[in-house]
Every structure is written in structure tokens, then in C-alpha cells.
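Structure file input08.cif with mmCIF, C-alpha atoms and all ligand atoms:
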data_my_file
#
loop_
_atom_site.group_PDB
_atom_site.id
_atom_site.type_symbol
_atom_site.label_atom_id
_atom_site.label_comp_id
_atom_site.auth_asym_id
_atom_site.auth_seq_id
_atom_site.Cartn_x
_atom_site.Cartn_y
_atom_site.Cartn_z
ATOM 1 C CA MET A 1 42.465 -2.433 -2.671
ATOM 2 C CA LYS A 2 44.790 -0.958 -0.165
ATOM 3 C CA GLY A 3 44.211 -4.334 1.512
ATOM 4 C CA MET A 4 46.443 -5.831 -1.160
ATOM 5 C CA ALA A 5 48.974 -6.813 1.416
ATOM 6 C CA ALA A 6 48.817 -10.139 3.170
ATOM 7 C CA GLY A 7 46.186 -9.641 5.838
ATOM 8 C CA PRO A 8 42.620 -8.516 6.451
ATOM 9 C CA PHE A 9 41.614 -4.893 7.117
ATOM 10 C CA ASN A 10 44.544 -3.420 5.229
ATOM 11 C CA ASN A 11 46.939 -5.030 7.730
ATOM 12 C CA MET A 12 46.135 -2.457 10.386
ATOM 13 C CA PRO A 13 46.392 -3.874 13.960
ATOM 14 C CA GLY A 14 44.221 -1.114 15.462
ATOM 15 C CA ARG A 15 41.462 -1.815 12.951
ATOM 16 C CA LEU A 16 41.762 -5.520 13.587
ATOM 17 C CA ALA A 17 41.358 -4.994 17.339
ATOM 18 C CA LEU A 18 38.358 -2.749 16.731
ATOM 19 C CA MET A 19 36.721 -5.323 14.466
ATOM 20 C CA LYS A 20 37.344 -8.072 17.019
ATOM 21 C CA GLN A 21 35.544 -6.045 19.652
ATOM 22 C CA LEU A 22 32.653 -5.236 17.341
ATOM 23 C CA VAL A 23 32.199 -8.843 16.299
ATOM 24 C CA GLY A 24 32.343 -9.889 19.966
ATOM 25 C CA VAL A 25 29.677 -7.398 21.040
ATOM 26 C CA VAL A 26 27.319 -7.755 18.067
ATOM 27 C CA ASP A 27 27.728 -11.548 17.712
ATOM 28 C CA PRO A 28 26.355 -11.326 14.164
ATOM 29 C CA ASP A 29 24.129 -13.817 12.382
ATOM 30 C CA PHE A 30 25.402 -12.333 9.118
ATOM 31 C CA VAL A 31 28.460 -10.419 8.019
ATOM 32 C CA LEU A 32 27.811 -8.449 4.861
ATOM 33 C CA GLU A 33 30.925 -7.232 3.077
ATOM 34 C CA THR A 34 30.961 -5.130 -0.083
ATOM 35 C CA GLY A 35 34.119 -5.315 -2.180
ATOM 36 C CA THR A 36 35.505 -8.825 -1.651
ATOM 37 C CA PHE A 37 38.787 -8.229 -3.484
ATOM 38 C CA GLN A 38 40.914 -11.292 -2.634
ATOM 39 C CA GLY A 39 38.616 -12.447 0.120
ATOM 40 C CA ARG A 40 41.067 -11.975 2.997
ATOM 41 C CA THR A 41 38.764 -9.892 5.138
ATOM 42 C CA ALA A 42 35.850 -12.234 4.355
ATOM 43 C CA LYS A 43 37.985 -15.144 5.512
ATOM 44 C CA TRP A 44 38.896 -13.338 8.733
ATOM 45 C CA PHE A 45 35.227 -12.755 9.459
ATOM 46 C CA ARG A 46 34.520 -16.419 8.758
ATOM 47 C CA GLU A 47 37.119 -17.430 11.337
ATOM 48 C CA ASN A 48 35.878 -14.959 13.944
ATOM 49 C CA ILE A 49 32.100 -15.397 13.967
ATOM 50 C CA ARG A 50 29.871 -18.243 15.173
ATOM 51 C CA ARG A 51 29.967 -21.379 13.060
ATOM 52 C CA ASP A 52 26.284 -21.131 12.203
ATOM 53 C CA ALA A 53 26.583 -17.496 11.084
ATOM 54 C CA TRP A 54 27.203 -16.534 7.453
ATOM 55 C CA VAL A 55 29.578 -14.242 5.616
ATOM 56 C CA VAL A 56 28.045 -12.736 2.495
ATOM 57 C CA THR A 57 30.471 -10.805 0.316
ATOM 58 C CA ILE A 58 29.877 -8.971 -2.962
ATOM 59 C CA GLU A 59 32.401 -8.258 -5.723
ATOM 60 C CA SER A 60 31.686 -6.560 -9.045
ATOM 61 C CA ALA A 61 34.964 -7.213 -10.886
ATOM 62 C CA GLU A 62 34.531 -10.306 -13.060
ATOM 63 C CA LYS A 63 38.164 -11.334 -12.928
ATOM 64 C CA ILE A 64 38.373 -11.108 -9.144
ATOM 65 C CA ALA A 65 35.013 -12.770 -8.491
ATOM 66 C CA GLY A 66 35.963 -15.647 -10.798
ATOM 67 C CA GLU A 67 39.089 -16.511 -8.822
ATOM 68 C CA LEU A 68 37.772 -16.634 -5.262
ATOM 69 C CA PRO A 69 38.327 -19.909 -3.398
ATOM 70 C CA HIS A 70 35.380 -21.897 -2.112
ATOM 71 C CA VAL A 71 35.194 -21.498 1.665
ATOM 72 C CA PRO A 72 32.345 -23.123 3.617
ATOM 73 C CA GLY A 73 30.206 -20.484 5.315
ATOM 74 C CA ILE A 74 31.122 -17.734 2.867
ATOM 75 C CA ALA A 75 28.602 -16.837 0.151
ATOM 76 C CA TYR A 76 30.147 -14.892 -2.716
ATOM 77 C CA TYR A 77 27.928 -12.755 -4.909
ATOM 78 C CA LYS A 78 29.096 -11.223 -8.163
ATOM 79 C CA GLY A 79 27.530 -7.887 -8.967
ATOM 80 C CA ASP A 80 27.121 -4.277 -7.997
ATOM 81 C CA SER A 81 26.747 -3.981 -4.229
ATOM 82 C CA GLY A 82 24.619 -0.861 -4.688
ATOM 83 C CA GLU A 83 22.031 -3.096 -6.378
ATOM 84 C CA LEU A 84 22.493 -6.244 -4.320
ATOM 85 C CA VAL A 85 22.690 -4.919 -0.762
ATOM 86 C CA PRO A 86 19.173 -3.378 -0.742
ATOM 87 C CA ARG A 87 17.758 -6.625 -2.130
ATOM 88 C CA LEU A 88 19.603 -8.804 0.371
ATOM 89 C CA VAL A 89 18.798 -6.781 3.493
ATOM 90 C CA ALA A 90 15.135 -6.494 2.500
ATOM 91 C CA LEU A 91 15.067 -10.283 2.980
ATOM 92 C CA ALA A 92 16.803 -10.214 6.391
ATOM 93 C CA PRO A 93 15.265 -12.640 8.894
ATOM 94 C CA PRO A 94 13.501 -10.782 11.743
ATOM 95 C CA GLY A 95 15.834 -10.129 14.669
ATOM 96 C CA ALA A 96 18.991 -11.115 12.765
ATOM 97 C CA ARG A 97 22.081 -9.114 13.647
ATOM 98 C CA TYR A 98 24.503 -7.907 11.014
ATOM 99 C CA VAL A 99 28.038 -6.591 10.853
ATOM 100 C CA CYS A 100 28.278 -4.748 7.534
ATOM 101 C CA TYR A 101 31.731 -3.901 6.205
ATOM 102 C CA LEU A 102 31.350 -1.487 3.306
ATOM 103 C CA ASP A 103 34.489 -1.369 1.223
ATOM 104 C CA ALA A 104 33.332 -1.221 -2.426
ATOM 105 C CA HIS A 105 34.255 2.293 -3.298
ATOM 106 C CA GLY A 106 37.390 1.967 -5.357
ATOM 107 C CA SER A 107 35.786 2.760 -8.700
ATOM 108 C CA GLY A 108 33.992 5.700 -10.217
ATOM 109 C CA SER A 109 30.642 4.833 -8.706
ATOM 110 C CA LEU A 110 29.712 5.156 -5.062
ATOM 111 C CA PRO A 111 27.156 2.563 -3.973
ATOM 112 C CA LEU A 112 27.453 3.638 -0.332
ATOM 113 C CA ARG A 113 24.357 5.755 -0.021
ATOM 114 C CA ARG A 114 22.010 3.067 -1.296
ATOM 115 C CA GLU A 115 23.739 0.468 0.868
ATOM 116 C CA VAL A 116 23.664 2.495 4.078
ATOM 117 C CA GLU A 117 20.073 3.658 3.685
ATOM 118 C CA ALA A 118 18.845 0.113 3.022
ATOM 119 C CA ILE A 119 20.830 -1.427 5.893
ATOM 120 C CA THR A 120 19.750 1.162 8.469
ATOM 121 C CA GLU A 121 16.149 0.686 7.379
ATOM 122 C CA HIS A 122 16.020 -3.108 7.461
ATOM 123 C CA VAL A 123 18.523 -4.588 9.908
ATOM 124 C CA ASP A 124 19.995 -4.393 13.383
ATOM 125 C CA GLY A 125 23.755 -4.424 13.972
ATOM 126 C CA VAL A 126 26.595 -2.157 12.905
ATOM 127 C CA ILE A 127 28.030 -0.720 9.716
ATOM 128 C CA VAL A 128 31.743 -0.040 9.262
ATOM 129 C CA ILE A 129 32.717 2.070 6.253
ATOM 130 C CA ASP A 130 36.366 1.863 5.292
ATOM 131 C CA ASP A 131 38.323 4.770 3.770
ATOM 132 C CA PHE A 132 36.412 7.341 5.789
ATOM 133 C CA ALA A 133 37.929 10.515 7.248
ATOM 134 C CA VAL A 134 38.237 10.431 11.048
ATOM 135 C CA PRO A 135 37.421 13.754 12.730
ATOM 136 C CA ASN A 136 40.312 15.242 14.706
ATOM 137 C CA ASP A 137 42.813 12.759 13.332
ATOM 138 C CA PRO A 138 44.091 13.961 9.940
ATOM 139 C CA GLY A 139 46.665 11.154 9.835
ATOM 140 C CA TYR A 140 43.982 8.729 8.684
ATOM 141 C CA THR A 141 43.551 8.452 4.898
ATOM 142 C CA PHE A 142 40.166 8.526 3.177
ATOM 143 C CA MET A 143 38.568 8.493 -0.264
ATOM 144 C CA ALA A 144 38.529 11.761 -2.151
ATOM 145 C CA LYS A 145 38.679 12.749 -5.793
ATOM 146 C CA PRO A 146 42.284 12.989 -6.905
ATOM 147 C CA ARG A 147 43.490 16.536 -7.423
ATOM 148 C CA PRO A 148 45.686 17.581 -10.330
ATOM 149 C CA GLY A 149 49.275 16.715 -9.486
ATOM 150 C CA ASP A 150 48.412 14.009 -6.915
ATOM 151 C CA ARG A 151 50.926 11.161 -7.098
ATOM 152 C CA ILE A 152 49.572 7.683 -7.654
ATOM 153 C CA PRO A 153 51.368 5.328 -5.249
ATOM 154 C CA ALA A 154 53.620 2.618 -6.727
ATOM 155 C CA TRP A 155 51.490 -0.243 -5.331
ATOM 156 C CA LEU A 156 48.448 1.137 -7.118
ATOM 157 C CA ARG A 157 50.289 1.546 -10.421
ATOM 158 C CA ALA A 158 51.414 -2.092 -10.156
ATOM 159 C CA ALA A 159 47.903 -3.280 -9.315
ATOM 160 C CA ARG A 160 46.496 -1.485 -12.338
ATOM 161 C CA ARG A 161 49.126 -3.058 -14.573
ATOM 162 C CA SER A 162 48.112 -6.495 -13.363
ATOM 163 C CA ASN A 163 44.572 -5.594 -14.424
ATOM 164 C CA LYS A 164 43.305 -6.604 -11.013
ATOM 165 C CA LEU A 165 41.953 -3.320 -9.836
ATOM 166 C CA LEU A 166 39.801 -0.414 -10.713
ATOM 167 C CA GLY A 167 41.969 2.574 -9.982
ATOM 168 C CA LEU A 168 41.590 4.874 -7.030
ATOM 169 C CA GLY A 169 42.677 7.600 -9.393
ATOM 170 C CA ASP A 170 39.405 7.101 -11.289
ATOM 171 C CA TYR A 171 37.321 7.829 -8.230
ATOM 172 C CA THR A 172 34.738 10.481 -8.963
ATOM 173 C CA GLY A 173 32.495 10.173 -5.920
ATOM 174 C CA PRO A 174 32.246 12.559 -2.998
ATOM 175 C CA GLN A 175 34.859 12.835 -0.294
ATOM 176 C CA LEU A 176 34.118 10.274 2.408
ATOM 177 C CA ASP A 177 33.768 12.381 5.523
ATOM 178 C CA ARG A 178 31.179 13.162 8.166
ATOM 179 C CA ARG A 179 29.463 15.837 6.038
ATOM 180 C CA LEU A 180 28.285 13.016 3.811
ATOM 181 C CA LEU A 181 26.464 11.397 6.724
ATOM 182 C CA SER A 182 24.242 14.425 7.182
ATOM 183 C CA ARG A 183 22.993 14.011 3.596
ATOM 184 C CA TRP A 184 21.991 10.359 4.013
ATOM 185 C CA ARG A 185 18.837 8.931 5.595
ATOM 186 C CA LEU A 186 20.349 7.075 8.546
ATOM 187 C CA ASN A 187 17.120 6.087 10.302
ATOM 188 C CA GLY A 188 18.497 7.211 13.673
ATOM 189 C CA TRP A 189 21.873 5.440 13.396
ATOM 190 C CA LYS A 190 24.808 7.475 14.697
ATOM 191 C CA PRO A 191 28.559 7.550 14.003
ATOM 192 C CA LEU A 192 31.410 6.412 16.210
ATOM 193 C CA TRP A 193 35.101 6.665 15.374
ATOM 194 C CA PRO A 194 38.250 4.610 15.966
ATOM 195 C CA ALA A 195 39.859 5.530 19.279
ATOM 196 C CA CYS A 196 43.275 4.314 18.120
ATOM 197 C CA SER A 197 45.501 7.137 16.859
ATOM 198 C CA SER A 198 46.467 7.007 13.177
ATOM 199 C CA ALA A 199 50.084 7.359 14.320
ATOM 200 C CA SER A 200 50.007 3.835 15.725
ATOM 201 C CA GLU A 201 48.665 2.293 12.502
ATOM 202 C CA PRO A 202 50.914 1.324 9.557
ATOM 203 C CA PRO A 203 50.187 2.553 5.994
ATOM 204 C CA PRO A 204 47.772 2.690 4.280
ATOM 205 C CA ARG A 205 46.282 3.994 7.556
ATOM 206 C CA THR A 206 42.762 4.153 6.216
ATOM 207 C CA GLY A 207 40.160 5.735 8.459
ATOM 208 C CA CYS A 208 36.712 4.364 9.103
ATOM 209 C CA VAL A 209 33.368 5.263 10.595
ATOM 210 C CA VAL A 210 31.172 2.911 12.578
ATOM 211 C CA LEU A 211 27.418 3.493 12.390
ATOM 212 C CA ALA A 212 25.237 2.088 15.132
ATOM 213 C CA PRO A 213 21.541 2.092 15.919
ATOM 214 C CA ARG A 214 20.217 3.423 19.200
ATOM 215 C CA SER A 215 20.001 -0.137 20.586
ATOM 216 C CA LEU A 216 23.794 -0.540 20.419
ATOM 217 C CA TYR A 217 25.176 2.973 20.459
ATOM 218 C CA PHE A 218 25.763 3.316 24.201
ATOM 219 C CA THR A 219 27.246 -0.140 24.536
ATOM 220 C CA LEU A 220 29.688 0.648 21.737
ATOM 221 C CA CYS A 221 30.605 3.986 23.325
ATOM 222 C CA GLN A 222 32.042 1.999 26.251
ATOM 223 C CA LEU A 223 34.446 0.017 24.071
ATOM 224 C CA PRO A 224 38.098 1.045 24.396
ATOM 225 C CA HIS A 225 38.580 0.909 20.630
ATOM 226 C CA LEU A 226 35.758 3.313 19.805
ATOM 227 C CA ARG A 227 34.853 6.867 20.610
ATOM 228 C CA GLY A 228 31.382 8.325 20.214
ATOM 229 C CA ALA A 229 29.722 11.616 20.933
ATOM 230 C CA ARG A 230 29.616 12.322 24.661
ATOM 231 C CA ARG A 231 25.889 11.964 24.579
ATOM 232 C CA TYR A 232 23.523 10.670 21.943
ATOM 233 C CA PRO A 233 23.350 13.656 19.601
ATOM 234 C CA ASP A 234 19.568 14.046 19.603
ATOM 235 C CA GLU A 235 18.887 12.946 23.147
ATOM 236 C CA ARG A 236 19.662 15.270 26.032
ATOM 237 C CA SER A 237 19.193 13.197 29.134
ATOM 238 C CA HIS A 238 20.289 9.673 28.402
ATOM 239 C CA LYS A 239 22.066 7.842 31.205
ATOM 240 C CA ARG A 240 25.055 5.899 29.982
ATOM 241 C CA ALA A 241 24.639 2.161 30.139
ATOM 242 C CA GLY A 242 26.564 0.303 32.812
HETATM 243 C C1 LIG A 301 39.219 -1.956 -1.340
HETATM 244 S S1 LIG A 301 38.881 -3.380 -2.278
HETATM 245 C C2 LIG A 301 38.140 -4.422 -1.064
HETATM 246 C C3 LIG A 301 39.108 -4.993 -0.093
HETATM 247 C C4 LIG A 301 38.517 -6.075 0.788
HETATM 248 N N1 LIG A 301 37.269 -5.661 1.403
HETATM 249 C C5 LIG A 301 39.521 -6.418 1.855
HETATM 250 O O1 LIG A 301 39.378 -5.926 2.997
HETATM 251 O O2 LIG A 301 40.469 -7.145 1.570
HETATM 252 C C6 LIG A 301 37.502 -2.822 -3.176
HETATM 253 C C7 LIG A 301 36.851 -3.884 -4.019
HETATM 254 O O3 LIG A 301 35.545 -3.419 -4.323
HETATM 255 C C8 LIG A 301 35.215 -3.828 -5.633
HETATM 256 N N2 LIG A 301 34.115 -2.966 -6.080
HETATM 257 C C9 LIG A 301 34.170 -1.681 -6.495
HETATM 258 N N3 LIG A 301 32.943 -1.200 -6.747
HETATM 259 C C10 LIG A 301 32.068 -2.216 -6.474
HETATM 260 C C11 LIG A 301 30.646 -2.345 -6.512
HETATM 261 N N4 LIG A 301 29.867 -1.319 -6.888
HETATM 262 N N5 LIG A 301 30.100 -3.539 -6.144
HETATM 263 C C12 LIG A 301 30.884 -4.573 -5.720
HETATM 264 N N6 LIG A 301 32.238 -4.504 -5.679
HETATM 265 C C13 LIG A 301 32.821 -3.348 -6.025
HETATM 266 C C14 LIG A 301 36.522 -3.666 -6.399
HETATM 267 O O4 LIG A 301 36.542 -4.462 -7.567
HETATM 268 C C15 LIG A 301 37.551 -4.122 -5.349
HETATM 269 O O5 LIG A 301 37.837 -5.504 -5.481
#
In C-alpha cells, how does this file's structure come out?
Amino acid sequence: MKGMAAGPFNNMPGRLALMKQLVGVVDPDFVLETGTFQGRTAKWFRENIRRDAWVVTIESAEKIAGELPHVPGIAYYKGDSGELVPRLVALAPPGARYVCYLDAHGSGSLPLRREVEAITEHVDGVIVIDDFAVPNDPGYTFMAKPRPGDRIPAWLRAARRSNKLLGLGDYTGPQLDRRLLSRWRLNGWKPLWPACSSASEPPPRTGCVVLAPRSLYFTLCQLPHLRGARRYPDERSHKRAG
């Protein structure tokens, strides 16, 4: 939604570099995106993963889903990602690796919890949640209920007029920040955060969290574009890989 501008990942170079690194390290068999919107991020994934890997992307808005171009290697699903993601990941082939980009939280509902709990239970890989508050970097924007008097940005007013978007101003879910993670069943997956300062990203400067299972956490901690906890939060004596 904020990714309305021309490129993938809300046109943020730091995010793009982070995603390139993640895709390189995970080498996914599947990319699972929620919230296709105009399909720009899906297309980027398609161009940056192996040819035999698949991009699966889910969009609930009828009008948007009906207008998406056919691209070989991208499977579009129309529906509520909160319903579809648990069904899809329950069918994941054994050993398949996923990059999950969760970005379907522009409306009143918040499918995230169901999505994250199902993914961390059934698959290996990483989850990136867009619009998430980044600890110690308040310059990043994130989803929160609008407060009385909040100004709706001009781009969002225009998007609503064109009947393309569910409005951010209608969001009624919880604030997307790390407190939320402690309420979800993460099956041992842990958060990492973008290392790039918000000051070097252009608007809309959305934050994100990366969730990784134990099998990948230490490898990801070494990446220049990510920062993790100094040690695995529930493990006292782990030696860092490498
Ligand atoms: C922020 S936009 C996605 C932007 C896109 N991922 C990109 O990077 O270009 C959010 C999209 O999620 C869709 N959406 C909202 N709730 C959804 C749900 N429960 N299931 C599937 N799609 C949803 C909206 O219609 C909107 O197109």
C-alpha cells in the first residue's frame, strides 16, 4: 500500500539490499507473500530466486486480484491470507525452504498471528513482516491504530478515491511491535532487525522484523544488513558460527 510507488519493497534501497541478502542465504524453494497489491514485490522475487522455485502471493481485494498480469512462476491466490497461509504451509514439501513476506495488514483485520504461527510450525526459512516497529530506531514507521487528529497522507487519500485500497486509517489491529511477538507461538523462531538506519531510507520508511528458526539464526546474525540479539535469547553458551 505504501508500496504504491514504482518499485518493490516500498522503494526502500536498504530493504531491497536486505531482501537480496536473505534470498541469497535462504535460496528458497518457495516465496510466500501476503498482500500482492500490484504485484511489484512478487515480480522482484520472481526475478531474484531460482528458476525452478515458485512465488505464491495472496490478495484479498477482488479488484486488485482481478487485474494482476500473468507471470510464469508466480501463483496468485485470491482470498484471505489468514485462511490460506495455514492451509498452504501445512502442505509444504518436506525440507522445502521458504521466504515469507507478510504484508497483508492494511485493513481492519490482522491475519498475522495465524500466518506466523502456521509458518513457524510447518516450514523452514525466514519470515519478514513489513510495517513493524524497529527497536532503537524510532524513524521507522509501523502499523498502529490511528489516533484522533492523525493526518491521513495525501497519497493514501488519493488511493482510497481510486477505490484501489483498504485504508490504513481503518486499521483496528494491534500495534506492530516486538511486544506482539511475545504473545505469539513462535516455535523457537527469533527476531532480527534491519541494520540500516531509518535515516538512510526514503519515505515511507517502513520498519520490518525478520523471524528466523534456530537453524538459520546465527548465519543471519552475521549478515551486514541484519542485527540480532548478541546471543540466542534462550541459549547461554552458543558459539557463533564461522
Ligand atoms: C501493503 S499492500 C501490499 C504491498 C505489496 N506486498 C508490495 O510490496 O508491493 C497490502 C495489500 O494487502 C491486501 N490485504 C489486506 N488484507 C488482506 C488479507 N487478509 N488477505 C490477503 N490480502 C490482504 C490489501 O488489499 C493490499 O493490496
What's the 8 Å shell around A:Leu68, counting only C-alpha atoms, without same-chain residues fewer than 3 positions away, as a PyMOL selection string?
chain A and resi 38-39+64-65
Near-A:Asn10 list (12 Å; all atoms listed in the file; drop same-chain fewer than 4 positions) as number ranges by chain:
A: 1-6, 14-16, 37-41, 44, 103, 130-131, 141, 201-208
Using only C-alpha atoms, please write the residues we just selected to a file, as an mmCIF file, in the frame of the given file.
data_model
loop_
_atom_site.group_PDB
_atom_site.id
_atom_site.type_symbol
_atom_site.label_atom_id
_atom_site.label_comp_id
_atom_site.auth_asym_id
_atom_site.auth_seq_id
_atom_site.Cartn_x
_atom_site.Cartn_y
_atom_site.Cartn_z
ATOM 1 C CA MET A 1 42.465 -2.433 -2.671
ATOM 2 C CA LYS A 2 44.790 -0.958 -0.165
ATOM 3 C CA GLY A 3 44.211 -4.334 1.512
ATOM 4 C CA MET A 4 46.443 -5.831 -1.160
ATOM 5 C CA ALA A 5 48.974 -6.813 1.416
ATOM 6 C CA ALA A 6 48.817 -10.139 3.170
ATOM 7 C CA GLY A 14 44.221 -1.114 15.462
ATOM 8 C CA ARG A 15 41.462 -1.815 12.951
ATOM 9 C CA LEU A 16 41.762 -5.520 13.587
ATOM 10 C CA PHE A 37 38.787 -8.229 -3.484
ATOM 11 C CA GLN A 38 40.914 -11.292 -2.634
ATOM 12 C CA GLY A 39 38.616 -12.447 0.120
ATOM 13 C CA ARG A 40 41.067 -11.975 2.997
ATOM 14 C CA THR A 41 38.764 -9.892 5.138
ATOM 15 C CA TRP A 44 38.896 -13.338 8.733
ATOM 16 C CA ASP A 103 34.489 -1.369 1.223
ATOM 17 C CA ASP A 130 36.366 1.863 5.292
ATOM 18 C CA ASP A 131 38.323 4.770 3.770
ATOM 19 C CA THR A 141 43.551 8.452 4.898
ATOM 20 C CA GLU A 201 48.665 2.293 12.502
ATOM 21 C CA PRO A 202 50.914 1.324 9.557
ATOM 22 C CA PRO A 203 50.187 2.553 5.994
ATOM 23 C CA PRO A 204 47.772 2.690 4.280
ATOM 24 C CA ARG A 205 46.282 3.994 7.556
ATOM 25 C CA THR A 206 42.762 4.153 6.216
ATOM 26 C CA GLY A 207 40.160 5.735 8.459
ATOM 27 C CA CYS A 208 36.712 4.364 9.103
#
Can you list what the PyMOL selection byres (((chain A and resi 86-100) around 9) and not hetatm) grabs from this structure, as a VMD selection string?
chain A and resid 22 to 23 26 to 34 81 to 85 101 to 102 114 to 119 121 to 129
For the residues in the current selection, export C-alpha atoms as a JSON list (two decimals), in the frame of the given file.
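Result file is out.json:
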[["chain", "number", "residue", "atom", "x", "y", "z"],
["A", 22, "LEU", "CA", 32.65, -5.24, 17.34],
["A", 23, "VAL", "CA", 32.20, -8.84, 16.30],
["A", 26, "VAL", "CA", 27.32, -7.76, 18.07],
["A", 27, "ASP", "CA", 27.73, -11.55, 17.71],
["A", 28, "PRO", "CA", 26.36, -11.33, 14.16],
["A", 29, "ASP", "CA", 24.13, -13.82, 12.38],
["A", 30, "PHE", "CA", 25.40, -12.33, 9.12],
["A", 31, "VAL", "CA", 28.46, -10.42, 8.02],
["A", 32, "LEU", "CA", 27.81, -8.45, 4.86],
["A", 33, "GLU", "CA", 30.92, -7.23, 3.08],
["A", 34, "THR", "CA", 30.96, -5.13, -0.08],
["A", 81, "SER", "CA", 26.75, -3.98, -4.23],
["A", 82, "GLY", "CA", 24.62, -0.86, -4.69],
["A", 83, "GLU", "CA", 22.03, -3.10, -6.38],
["A", 84, "LEU", "CA", 22.49, -6.24, -4.32],
["A", 85, "VAL", "CA", 22.69, -4.92, -0.76],
["A", 101, "TYR", "CA", 31.73, -3.90, 6.20],
["A", 102, "LEU", "CA", 31.35, -1.49, 3.31],
["A", 114, "ARG", "CA", 22.01, 3.07, -1.30],
["A", 115, "GLU", "CA", 23.74, 0.47, 0.87],
["A", 116, "VAL", "CA", 23.66, 2.50, 4.08],
["A", 117, "GLU", "CA", 20.07, 3.66, 3.68],
["A", 118, "ALA", "CA", 18.84, 0.11, 3.02],
["A", 119, "ILE", "CA", 20.83, -1.43, 5.89],
["A", 121, "GLU", "CA", 16.15, 0.69, 7.38],
["A", 122, "HIS", "CA", 16.02, -3.11, 7.46],
["A", 123, "VAL", "CA", 18.52, -4.59, 9.91],
["A", 124, "ASP", "CA", 20.00, -4.39, 13.38],
["A", 125, "GLY", "CA", 23.76, -4.42, 13.97],
["A", 126, "VAL", "CA", 26.60, -2.16, 12.90],
["A", 127, "ILE", "CA", 28.03, -0.72, 9.72],
["A", 128, "VAL", "CA", 31.74, -0.04, 9.26],
["A", 129, "ILE", "CA", 32.72, 2.07, 6.25]]
Which neighbours of stretch 188-195 of chain A fall inside 8 Å, counting only C-alpha atoms, when residues of the same chain fewer than 4 positions from it are skipped, and could you give them as a list in words?
Arg15, Leu18, Thr120, Val134, Pro135, Gly207, Cys208, Val209, Val210, Leu211, Ala212, Pro213, Arg214, Tyr217, Cys221, Pro224, His225, Leu226, Arg227, Gly228 and Ala229 of chain A
Could you work out how far atom CA of A:Thr219 lies from atom CA of A:Gln175, giving the answer in Å with one decimal?
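Going from atom CA of A:Gln175 over to atom CA of A:Thr219, I get 29.0 Å.
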Have a look at atom CA of A:Thr172 and atom O1 of ligand LIG 301 (chain A) and let me know their distance in Å, one decimal.
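Atom O1 of ligand LIG 301 (chain A) lies 20.8 Å from atom CA of A:Thr172.
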How many Å lie between atom CA of A:Thr57 and atom CA of A:Pro8, rounded to one decimal?
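According to the coordinates, atom CA of A:Thr57 and atom CA of A:Pro8 are separated by 13.8 Å.
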Taking the point (29.8, -6.2, -8.0) as given in the file, collect each protein or nucleic acid residue that comes within 7 Å of it, counting all atoms listed in the file, and present the set as a list in words.
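Checked against the point, the hits come out as Ile58, Glu59, Ser60, Ala61, Lys78, Gly79, Asp80 and Ser81 of chain A.
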For ligand LIG 301 (chain A), what centre and edge lengths in Å (one decimal) does the axis-aligned box get once 6 Å is added on each side of all its listed atoms, as lines of an AutoDock Vina configuration file?
center_x = 35.2
center_y = -4.2
center_z = -2.3
size_x = 22.6
size_y = 17.9
size_z = 22.6
Please determine, counting only C-alpha atoms and all ligand atoms, which residue among A:Ser215, A:Thr36, A:Gln21, A:Asn11 has the shortest atom-to-atom distance to ligand LIG 301 (chain A).
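Of A:Ser215, A:Thr36, A:Gln21, A:Asn11, the one nearest ligand LIG 301 (chain A) is A:Thr36, counting only C-alpha atoms and all ligand atoms.
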Using only C-alpha atoms, the best pick from A:Tyr76, A:Phe9, A:Phe218, A:Phe132 as closest to A:Asp177 would be A:Phe132
Which of A:Met19, A:Ile74, A:Leu110, A:Val25 sits closest to ligand LIG 301 (chain A) [using all atoms listed in the file]:
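Ranked by minimum distance to ligand LIG 301 (chain A), first place goes to A:Leu110.
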Proximity to ligand LIG 301 (chain A) - best of A:Leu181, A:Ala144, A:Ala104, A:Ala75, only C-alpha atoms and all ligand atoms
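Using only C-alpha atoms and all ligand atoms, the shortest distance to ligand LIG 301 (chain A) belongs to A:Ala104.
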